[in-house]
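Visitor: This is work04.pdb, which holds PDB, C-alpha atoms:
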ATOM      1  CA  MET A   1     101.381  96.359  88.335  1.00  0.00           C
ATOM      2  CA  ASP A   2      97.957  97.932  87.821  1.00  0.00           C
ATOM      3  CA  ASN A   3      95.405  95.463  89.206  1.00  0.00           C
ATOM      4  CA  THR A   4      92.553  97.966  89.188  1.00  0.00           C
ATOM      5  CA  LYS A   5      89.898  97.957  86.513  1.00  0.00           C
ATOM      6  CA  THR A   6      90.662  99.900  83.366  1.00  0.00           C
ATOM      7  CA  ARG A   7      87.192  99.483  81.899  1.00  0.00           C
ATOM      8  CA  SER A   8      84.131 100.122  83.984  1.00  0.00           C
ATOM      9  CA  SER A   9      81.402  97.501  84.193  1.00  0.00           C
ATOM     10  CA  PHE A  10      79.106 100.081  85.814  1.00  0.00           C
ATOM     11  CA  PRO A  11      76.876 102.596  84.017  1.00  0.00           C
ATOM     12  CA  LEU A  12      78.210 106.081  83.373  1.00  0.00           C
ATOM     13  CA  VAL A  13      76.485 108.467  85.745  1.00  0.00           C
ATOM     14  CA  PRO A  14      77.366 112.042  86.757  1.00  0.00           C
ATOM     15  CA  ILE A  15      79.096 112.059  90.150  1.00  0.00           C
ATOM     16  CA  ARG A  16      79.486 115.452  91.777  1.00  0.00           C
ATOM     17  CA  SER A  17      82.013 116.492  94.365  1.00  0.00           C
ATOM     18  CA  LEU A  18      80.187 117.775  97.463  1.00  0.00           C
ATOM     19  CA  GLY A  19      81.106 120.712  99.646  1.00  0.00           C
ATOM     20  CA  PRO A  20      79.929 122.390 102.857  1.00  0.00           C
ATOM     21  CA  ARG A  21      76.871 123.860 101.102  1.00  0.00           C
ATOM     22  CA  HIS A  22      75.613 120.318 100.510  1.00  0.00           C
ATOM     23  CA  ARG A  23      75.724 119.378 104.201  1.00  0.00           C
ATOM     24  CA  GLU A  24      71.950 119.698 104.592  1.00  0.00           C
ATOM     25  CA  ARG A  25      71.365 117.344 101.656  1.00  0.00           C
ATOM     26  CA  ILE A  26      73.894 114.898 103.114  1.00  0.00           C
ATOM     27  CA  VAL A  27      72.039 114.855 106.430  1.00  0.00           C
ATOM     28  CA  LYS A  28      68.718 114.334 104.654  1.00  0.00           C
ATOM     29  CA  HIS A  29      70.196 111.456 102.649  1.00  0.00           C
ATOM     30  CA  LEU A  30      71.608 109.691 105.688  1.00  0.00           C
ATOM     31  CA  LEU A  31      68.502 110.207 107.824  1.00  0.00           C
ATOM     32  CA  ALA A  32      66.423 108.592 105.060  1.00  0.00           C
ATOM     33  CA  MET A  33      68.189 105.264 105.701  1.00  0.00           C
ATOM     34  CA  ASP A  34      66.385 102.772 107.895  1.00  0.00           C
ATOM     35  CA  GLU A  35      67.966 101.034 110.902  1.00  0.00           C
ATOM     36  CA  SER A  36      69.311  98.126 108.841  1.00  0.00           C
ATOM     37  CA  ASP A  37      70.981 100.400 106.283  1.00  0.00           C
ATOM     38  CA  ARG A  38      72.487 102.584 108.985  1.00  0.00           C
ATOM     39  CA  TYR A  39      73.884  99.456 110.616  1.00  0.00           C
ATOM     40  CA  LEU A  40      75.588  98.374 107.398  1.00  0.00           C
ATOM     41  CA  ARG A  41      76.910 101.853 106.603  1.00  0.00           C
ATOM     42  CA  PHE A  42      78.297 102.779 109.998  1.00  0.00           C
ATOM     43  CA  GLY A  43      78.749  99.397 111.654  1.00  0.00           C
ATOM     44  CA  TYR A  44      76.054 100.242 114.189  1.00  0.00           C
ATOM     45  CA  ALA A  45      72.424 101.387 114.067  1.00  0.00           C
ATOM     46  CA  ALA A  46      73.262 105.087 114.126  1.00  0.00           C
ATOM     47  CA  SER A  47      70.653 107.331 115.711  1.00  0.00           C
ATOM     48  CA  ASP A  48      69.496 110.593 114.151  1.00  0.00           C
ATOM     49  CA  GLU A  49      71.687 112.461 116.637  1.00  0.00           C
ATOM     50  CA  GLN A  50      74.754 110.404 115.722  1.00  0.00           C
ATOM     51  CA  ILE A  51      74.140 110.965 112.009  1.00  0.00           C
ATOM     52  CA  ASN A  52      73.865 114.702 112.566  1.00  0.00           C
ATOM     53  CA  ARG A  53      77.160 114.659 114.471  1.00  0.00           C
ATOM     54  CA  TYR A  54      78.793 112.675 111.665  1.00  0.00           C
ATOM     55  CA  ALA A  55      77.595 115.177 109.056  1.00  0.00           C
ATOM     56  CA  ASP A  56      78.624 118.162 111.189  1.00  0.00           C
ATOM     57  CA  GLY A  57      82.093 116.647 111.549  1.00  0.00           C
ATOM     58  CA  LEU A  58      82.745 116.141 107.833  1.00  0.00           C
ATOM     59  CA  ASN A  59      85.997 117.825 106.859  1.00  0.00           C
ATOM     60  CA  PHE A  60      85.573 118.905 103.253  1.00  0.00           C
ATOM     61  CA  GLU A  61      89.082 120.340 103.072  1.00  0.00           C
ATOM     62  CA  ARG A  62      90.786 117.099 104.084  1.00  0.00           C
ATOM     63  CA  ASP A  63      88.372 114.446 102.796  1.00  0.00           C
ATOM     64  CA  ASP A  64      86.459 114.039  99.549  1.00  0.00           C
ATOM     65  CA  ILE A  65      82.687 113.522  99.437  1.00  0.00           C
ATOM     66  CA  TYR A  66      80.916 112.490  96.254  1.00  0.00           C
ATOM     67  CA  GLY A  67      77.232 112.319  95.432  1.00  0.00           C
ATOM     68  CA  ILE A  68      74.736 111.227  92.815  1.00  0.00           C
ATOM     69  CA  PHE A  69      71.605 113.342  92.442  1.00  0.00           C
ATOM     70  CA  ASN A  70      68.283 112.469  90.853  1.00  0.00           C
ATOM     71  CA  ARG A  71      66.216 114.861  88.735  1.00  0.00           C
ATOM     72  CA  LYS A  72      64.746 116.459  91.847  1.00  0.00           C
ATOM     73  CA  LEU A  73      68.275 117.155  93.116  1.00  0.00           C
ATOM     74  CA  GLU A  74      67.801 114.655  95.915  1.00  0.00           C
ATOM     75  CA  LEU A  75      71.021 113.002  97.018  1.00  0.00           C
ATOM     76  CA  ILE A  76      70.361 109.315  96.340  1.00  0.00           C
ATOM     77  CA  ALA A  77      73.904 107.966  96.746  1.00  0.00           C
ATOM     78  CA  MET A  78      77.065 109.286  98.334  1.00  0.00           C
ATOM     79  CA  ALA A  79      80.605 108.226  99.107  1.00  0.00           C
ATOM     80  CA  HIS A  80      83.104 109.422 101.697  1.00  0.00           C
ATOM     81  CA  LEU A  81      86.816 109.122 100.909  1.00  0.00           C
ATOM     82  CA  ALA A  82      88.503 109.844 104.219  1.00  0.00           C
ATOM     83  CA  VAL A  83      92.165 110.591 104.845  1.00  0.00           C
ATOM     84  CA  SER A  84      93.837 110.137 108.230  1.00  0.00           C
ATOM     85  CA  ASP A  85      95.320 113.067 110.145  1.00  0.00           C
ATOM     86  CA  ASP A  86      98.292 110.817 110.922  1.00  0.00           C
ATOM     87  CA  PRO A  87     101.184 111.771 108.574  1.00  0.00           C
ATOM     88  CA  GLU A  88     102.289 108.120 108.513  1.00  0.00           C
ATOM     89  CA  GLN A  89      98.908 107.189 107.020  1.00  0.00           C
ATOM     90  CA  ALA A  90      98.859 110.019 104.481  1.00  0.00           C
ATOM     91  CA  LYS A  91      99.132 107.581 101.569  1.00  0.00           C
ATOM     92  CA  ASN A  92      96.018 105.686 102.653  1.00  0.00           C
ATOM     93  CA  ALA A  93      92.339 106.531 102.233  1.00  0.00           C
ATOM     94  CA  GLU A  94      89.204 104.896 103.636  1.00  0.00           C
ATOM     95  CA  PHE A  95      86.061 104.460 101.548  1.00  0.00           C
ATOM     96  CA  GLY A  96      82.462 104.419 102.741  1.00  0.00           C
ATOM     97  CA  VAL A  97      79.287 104.482 100.670  1.00  0.00           C
ATOM     98  CA  SER A  98      75.515 104.652 101.040  1.00  0.00           C
ATOM     99  CA  VAL A  99      72.782 104.225  98.432  1.00  0.00           C
ATOM    100  CA  LEU A 100      69.101 104.748  99.182  1.00  0.00           C
ATOM    101  CA  LYS A 101      66.898 101.687  98.672  1.00  0.00           C
ATOM    102  CA  ALA A 102      64.936 103.223  95.802  1.00  0.00           C
ATOM    103  CA  ALA A 103      68.171 103.802  93.864  1.00  0.00           C
ATOM    104  CA  ARG A 104      69.729 100.363  94.261  1.00  0.00           C
ATOM    105  CA  GLY A 105      70.364  97.873  91.509  1.00  0.00           C
ATOM    106  CA  ARG A 106      71.756 100.519  89.150  1.00  0.00           C
ATOM    107  CA  GLY A 107      75.458 100.143  89.939  1.00  0.00           C
ATOM    108  CA  PHE A 108      75.723 103.451  91.813  1.00  0.00           C
ATOM    109  CA  GLY A 109      77.826 101.986  94.624  1.00  0.00           C
ATOM    110  CA  GLY A 110      80.287 100.559  92.121  1.00  0.00           C
ATOM    111  CA  ARG A 111      80.527 103.816  90.196  1.00  0.00           C
ATOM    112  CA  LEU A 112      81.192 105.772  93.368  1.00  0.00           C
ATOM    113  CA  PHE A 113      83.906 103.276  94.257  1.00  0.00           C
ATOM    114  CA  GLU A 114      85.563 103.677  90.855  1.00  0.00           C
ATOM    115  CA  ARG A 115      85.364 107.463  91.179  1.00  0.00           C
ATOM    116  CA  ALA A 116      87.001 107.308  94.596  1.00  0.00           C
ATOM    117  CA  VAL A 117      89.747 105.003  93.332  1.00  0.00           C
ATOM    118  CA  MET A 118      90.570 107.359  90.476  1.00  0.00           C
ATOM    119  CA  HIS A 119      90.696 110.411  92.742  1.00  0.00           C
ATOM    120  CA  ALA A 120      92.805 108.590  95.330  1.00  0.00           C
ATOM    121  CA  ARG A 121      95.304 107.660  92.616  1.00  0.00           C
ATOM    122  CA  ASN A 122      95.425 111.225  91.329  1.00  0.00           C
ATOM    123  CA  GLU A 123      96.036 112.473  94.876  1.00  0.00           C
ATOM    124  CA  GLY A 124      99.006 110.145  95.290  1.00  0.00           C
ATOM    125  CA  ARG A 125      97.348 107.583  97.596  1.00  0.00           C
ATOM    126  CA  ASP A 126      98.664 104.054  97.302  1.00  0.00           C
ATOM    127  CA  THR A 127      96.090 102.097  99.326  1.00  0.00           C
ATOM    128  CA  LEU A 128      92.321 102.241  99.526  1.00  0.00           C
ATOM    129  CA  PHE A 129      90.886 100.738 102.692  1.00  0.00           C
ATOM    130  CA  ILE A 130      87.360  99.559 103.434  1.00  0.00           C
ATOM    131  CA  HIS A 131      86.146  98.498 106.857  1.00  0.00           C
ATOM    132  CA  ALA A 132      82.767  96.786 106.593  1.00  0.00           C
ATOM    133  CA  LEU A 133      80.549  94.313 108.345  1.00  0.00           C
ATOM    134  CA  THR A 134      81.038  90.849 106.900  1.00  0.00           C
ATOM    135  CA  GLU A 135      77.323  90.720 106.110  1.00  0.00           C
ATOM    136  CA  ASN A 136      77.723  93.757 103.855  1.00  0.00           C
ATOM    137  CA  THR A 137      78.247  91.439 100.899  1.00  0.00           C
ATOM    138  CA  ALA A 138      77.445  94.072  98.256  1.00  0.00           C
ATOM    139  CA  MET A 139      80.281  96.338  99.388  1.00  0.00           C
ATOM    140  CA  LEU A 140      82.770  93.511  99.774  1.00  0.00           C
ATOM    141  CA  LYS A 141      81.862  92.174  96.326  1.00  0.00           C
ATOM    142  CA  ILE A 142      82.654  95.547  94.766  1.00  0.00           C
ATOM    143  CA  ALA A 143      86.010  95.562  96.553  1.00  0.00           C
ATOM    144  CA  ARG A 144      86.871  91.993  95.531  1.00  0.00           C
ATOM    145  CA  ASN A 145      85.911  92.629  91.913  1.00  0.00           C
ATOM    146  CA  ALA A 146      88.307  95.580  91.906  1.00  0.00           C
ATOM    147  CA  GLY A 147      91.118  93.300  93.036  1.00  0.00           C
ATOM    148  CA  ALA A 148      91.108  94.115  96.757  1.00  0.00           C
ATOM    149  CA  ALA A 149      92.405  91.662  99.336  1.00  0.00           C
ATOM    150  CA  VAL A 150      89.689  90.984 101.925  1.00  0.00           C
ATOM    151  CA  GLU A 151      90.506  89.866 105.470  1.00  0.00           C
ATOM    152  CA  ARG A 152      87.633  88.574 107.540  1.00  0.00           C
ATOM    153  CA  SER A 153      87.580  88.722 111.332  1.00  0.00           C
ATOM    154  CA  GLY A 154      84.271  87.390 112.607  1.00  0.00           C
ATOM    155  CA  SER A 155      81.477  89.890 112.028  1.00  0.00           C
ATOM    156  CA  GLU A 156      83.819  92.453 110.447  1.00  0.00           C
ATOM    157  CA  SER A 157      85.975  92.496 107.340  1.00  0.00           C
ATOM    158  CA  ASP A 158      88.745  94.714 106.023  1.00  0.00           C
ATOM    159  CA  ALA A 159      89.499  95.166 102.334  1.00  0.00           C
ATOM    160  CA  TYR A 160      92.751  96.608 101.023  1.00  0.00           C
ATOM    161  CA  LEU A 161      93.193  97.723  97.438  1.00  0.00           C
ATOM    162  CA  LYS A 162      96.712  98.668  96.340  1.00  0.00           C
ATOM    163  CA  LEU A 163      96.579 101.571  93.934  1.00  0.00           C
ATOM    164  CA  PRO A 164      98.919 102.211  91.016  1.00  0.00           C
ATOM    165  CA  ALA A 165     100.299 105.663  90.350  1.00  0.00           C
ATOM    166  CA  ALA A 166      98.199 108.215  88.522  1.00  0.00           C
ATOM    167  CA  THR A 167      98.510 108.566  84.769  1.00  0.00           C
ATOM    168  CA  LEU A 168      97.708 111.306  82.297  1.00  0.00           C
ATOM    169  CA  GLY A 169      94.603 109.271  81.452  1.00  0.00           C
ATOM    170  CA  THR A 170      93.305 109.180  85.038  1.00  0.00           C
ATOM    171  CA  ARG A 171      93.895 112.909  85.457  1.00  0.00           C
ATOM    172  CA  LEU A 172      92.135 113.821  82.222  1.00  0.00           C
ATOM    173  CA  THR A 173      89.272 111.431  82.956  1.00  0.00           C
ATOM    174  CA  GLU A 174      88.704 112.943  86.388  1.00  0.00           C
ATOM    175  CA  MET A 175      88.747 116.437  84.917  1.00  0.00           C
ATOM    176  CA  MET A 176      86.167 115.490  82.276  1.00  0.00           C
ATOM    177  CA  GLU A 177      83.947 113.703  84.801  1.00  0.00           C
ATOM    178  CA  ASP A 178      84.016 116.752  87.070  1.00  0.00           C
ATOM    179  CA  GLN A 179      82.961 118.988  84.195  1.00  0.00           C
ATOM    180  CA  MET A 180      80.210 116.597  83.133  1.00  0.00           C
ATOM    181  CA  ALA A 181      78.876 116.452  86.700  1.00  0.00           C
ATOM    182  CA  GLU A 182      78.827 120.256  86.968  1.00  0.00           C
ATOM    183  CA  VAL A 183      76.892 120.572  83.701  1.00  0.00           C
ATOM    184  CA  ASP A 184      74.432 117.868  84.781  1.00  0.00           C
ATOM    185  CA  TYR A 185      73.903 119.492  88.183  1.00  0.00           C
ATOM    186  CA  GLY A 186      73.340 122.905  86.609  1.00  0.00           C
ATOM    187  CA  PHE A 187      70.818 121.476  84.169  1.00  0.00           C
ATOM    188  CA  LYS A 188      68.900 119.737  86.957  1.00  0.00           C
ATOM    189  CA  GLN A 189      68.973 122.911  89.056  1.00  0.00           C
ATOM    190  CA  ARG A 190      67.509 125.001  86.240  1.00  0.00           C
ATOM    191  CA  ALA A 191      64.855 122.364  85.525  1.00  0.00           C
ATOM    192  CA  LYS A 192      63.922 122.242  89.200  1.00  0.00           C
ATOM    193  CA  ASN A 193      63.690 126.046  89.405  1.00  0.00           C
ATOM    194  CA  PHE A 194      61.455 126.110  86.327  1.00  0.00           C
ATOM    195  CA  GLN A 195      59.145 123.429  87.728  1.00  0.00           C
ATOM    196  CA  GLU A 196      58.847 125.320  91.017  1.00  0.00           C
ATOM    197  CA  LEU A 197      58.074 128.532  89.114  1.00  0.00           C
ATOM    198  CA  VAL A 198      55.342 126.831  87.085  1.00  0.00           C
ATOM    199  CA  ALA A 199      53.906 125.231  90.218  1.00  0.00           C
ATOM    200  CA  GLY A 200      53.852 128.620  91.928  1.00  0.00           C
ATOM    201  CA  VAL A 201      52.050 130.285  89.020  1.00  0.00           C
ATOM    202  CA  GLN A 202      49.455 127.512  88.921  1.00  0.00           C
ATOM    203  CA  LYS A 203      48.708 127.980  92.605  1.00  0.00           C
ATOM    204  CA  GLU A 204      48.072 131.708  92.268  1.00  0.00           C
ATOM    205  CA  PRO A 205      44.357 132.683  92.403  1.00  0.00           C
ATOM    206  CA  SER A 206      42.851 133.527  89.059  1.00  0.00           C
ATOM    207  CA  ASP A 207      42.220 137.178  88.204  1.00  0.00           C
ATOM    208  CA  PRO A 208      38.430 137.832  88.640  1.00  0.00           C
ATOM    209  CA  PHE A 209      38.522 140.633  86.068  1.00  0.00           C
TER
END
Just give me the structure of the file as structure tokens.

Guide:
Amino acid sequence: MDNTKTRSSFPLVPIRSLGPRHRERIVKHLLAMDESDRYLRFGYAASDEQINRYADGLNFERDDIYGIFNRKLELIAMAHLAVSDDPEQAKNAEFGVSVLKAARGRGFGGRLFERAVMHARNEGRDTLFIHALTENTAMLKIARNAGAAVERSGSESDAYLKLPAATLGTRLTEMMEDQMAEVDYGFKQRAKNFQELVAGVQKEPSDPF
């Protein structure tokens, strides 16, 4: 039985798959989080050094990383869908998300979760797992609303969402969302390049003749 949402309650927003060339933007995004946000995201107040190690260790071939960019091509929200190296856990995936303070209240965390769920289904995963601090109520609310079972153990909680098999609809939707995200990213890149060109021309000294 498909207990996952079939109709999103979150705004449609382009979500782009990230690769190794985005590692610098990922680091910048994570380093922009304050101590409290780092604590909620990682379960501890990660230092700059620990965040750099985390970013350096991202395996883009095994895992899936998704991001939401603003008009300046700044990474304002990202999700990590991690898969275990253990063959016995190959059907499971773990979800983690971070959204910068200035971008909150727009449903970005929920949209990233839905995107991860869809991809996990299309990849043949049957369980999405979230390990979060119990005080991370926003993340746990997203999981509960999606139908996940949440088990609390003191200061930490685990959420398990059973995933139905992929359908033609989920595969086509993912394909279309990928294309939309690529178009959006390209448009923002061209706009950014144009703005930088104009800014550079304006800074040039005027011709005295």

Visitor: From the options A:Arg115, A:Arg121, A:Arg25, A:Arg41, which residue's atoms come nearest to Leu73 (chain A), counting only C-alpha atoms?

Guide: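 The answer is A:Arg25, which sits nearest to Leu73 (chain A).
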
Visitor: Which residues are close to region 87-89 of chain A, i.e. within 12 Å by all atoms listed in the file, leaving aside same-chain residues fewer than 3 positions away? Reply as an NGL selection string.

Guide: :A and (82-84 or 92-94 or 125-129)

Visitor: Which residues would end up in the selection if the PyMOL selection byres ((chain A and resi 174-191) around 6) were applied here, given that I need the answer as a PyMOL selection string?

Guide: chain A and resi 14-16+71+171-173+192-194

Visitor: Mind writing the picked residues with C-alpha atoms as a PDB file, in the coordinates of the input?

Guide:
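Output below, filename again-v8.pdb:
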ATOM      1  CA  PRO A  14      77.366 112.042  86.757  1.00  0.00           C
ATOM      2  CA  ILE A  15      79.096 112.059  90.150  1.00  0.00           C
ATOM      3  CA  ARG A  16      79.486 115.452  91.777  1.00  0.00           C
ATOM      4  CA  ARG A  71      66.216 114.861  88.735  1.00  0.00           C
ATOM      5  CA  ARG A 171      93.895 112.909  85.457  1.00  0.00           C
ATOM      6  CA  LEU A 172      92.135 113.821  82.222  1.00  0.00           C
ATOM      7  CA  THR A 173      89.272 111.431  82.956  1.00  0.00           C
ATOM      8  CA  LYS A 192      63.922 122.242  89.200  1.00  0.00           C
ATOM      9  CA  ASN A 193      63.690 126.046  89.405  1.00  0.00           C
ATOM     10  CA  PHE A 194      61.455 126.110  86.327  1.00  0.00           C
TER      11      PHE A 194
END

Visitor: With distances taken over only C-alpha atoms, which of A:Gly109, A:His119, A:Leu133, A:Lys101 is nearest to Glu151 (chain A)?

Guide: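 Among the listed residues, A:Leu133 lies closest to Glu151 (chain A).
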
Visitor: What's the separation between CA of His80 (chain A) and CA of Asp64 (chain A), in Å to one decimal place?

Guide: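 Pair CA of His80 (chain A) / CA of Asp64 (chain A) returns 6.1 Å.
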